[in-house]
Amino acid sequence: MDPALFTQLCEDLQSKYGLQPSRRMTVVEKVDIFMYTLAMGASNRDVRERFQHYGETISRAFHEVLEAISGKSRGYQGLARDIIRPKDSTFQFVPPHIANYERYMPYFKGCVCDCIGCIDGAHIAACIPEAEQMRYRGRKGIPTFNVMTSCDFDMCFTFISVGWEGSAHDIHVFLHAINTTALNFPKPPKGRYYLVDKGYPDKEGYLVPYPKIRYHLSQFENKSPTNAQEAFNCAHSSLRSCIERSFGVLKKRWKILNKMPQFSVKTQIDVIIAAFALHNYIRINSHDDPMFTVLDQHPNYVPHDDLSDSVVDPQGGDIPEGEAGRSTKMKEIRNNITALIWNNRR
């Protein structure tokens with residue numbers, strides 16, 4: 001984060017979200033401590049050595065900033081609630097990422113139905129006492145949180161569901177998110193849909209690729225699509241990669257998401273929310289951030305780390321019985337888009 005944006009963040013957290021200086025520490029130093037901890041995945045001991053304060057002072061400053069971002073400060077709703085949401089809650093405008101690329105326009109806009117974003121999940125490292133680790137161990141083999149998010153095509157997250165154990169099934173996380181009113185999931189209005197991979201249910205408002213057909217972009221590097229269904233899957237995967245790119249830069253920037261310190265589970269959840277909020281804050285307010293600049297200049301580049309791959313397998317996966325969902329309308333939309341893509345390729 002460049003100095004000007006850091007200063008702006010400090011001013012916003014103080015003026016809008018209740019963060020205050022203390023007798024021995026300014027708001028700037030408190031935010032500096034917090035950002036250093038997230039960026040380095042640093043322990044209290046490491047931060048104490050870096051900033052030359054007592055461990056209790058470091059902890060207090062960290063939690064004060066965390067409260068201002070996550071919304072736990074008394075009388076304030078928090079930066080995260082204000083910034084992790086759709087820019088256009090009515091989804092009336094065509095995303096520039098679709099409108100400006102012939103590869104996606106008019107296939108994912110205007111011809112049959114409008115695409116508004118992507119949904120996917122990721123495993124984020126959790127620091128859990130050994131006696132409780134079993135339920136947090138999922139497909140990664142280590143304790144993790146199973147996090148579901150949605151994002152727009154500008155690589156800003158518009159929703160986050162966090163707190164589920166790594167062993168929780170992705171479909172349960174998804175259905176809980178879209179069916180729990182209190183979570184305020186931005187549901188697709190009539191005539192709109194999210195891109196999801198084949199691990200999610202085939203429900204109205206959520207467009208899945210064709211199953212058991214080549215899907216990953218890497219599978220098309222040396223051999224172009226040979227039929228209409230492959231052409232659709234290739235376009236679907238390319239457009240949906242924005243959420244994988246978002247996860248990639250998120251984890252590259254905030255190393256704490258790959259090596260969580262020994263916080264309480266509640267604090268770890270708040271830390272994850274704060275990292276997503278700061279990701280959006282930087283994306284929205286900075287025009288020359290180095291990480292985002294690389295992604296903007298290389299639209300096919302997806303940053304990766306040990307936990308960066310999706311929670312759901314795009315080739316398919318076992319959906320719990322009774323939760324598979326079937327939408328004739330979405331199949332019709334998919335078939336119509338497929339025909340347009342393939343006819344324009346020939």
# chains A, B, ... in the order shown; residues from 1 in each chain; ligands from 1
call {"tool": "residues_around", "arguments": {"residues": "Thr226 (chain A)", "least_positions_apart": "4", "cutoff": "12 Å", "atoms": "only C-alpha atoms", "output": "ChimeraX atom specification"}}
result
/A:213-214,220,222,230-234,342,345-346
call {"tool": "residues_around", "arguments": {"residues": "Ile243 (chain A)", "least_positions_apart": "5", "cutoff": "7 Å", "atoms": "only C-alpha atoms", "output": "list in words"}}
result
Cys118, Cys151 and Met155 of chain A
call {"tool": "closest_residue", "arguments": {"among": "A:Leu19, A:Ala235, A:Ile337, A:Ala275", "to": "Val162 (chain A)", "atoms": "only C-alpha atoms"}}
result
A:Ala275
call {"tool": "select_by_dssp", "arguments": {"residues": "region 54-221 of chain A", "states": "helix (DSSP H, G or I)", "output": "count of residues only"}}
result
48
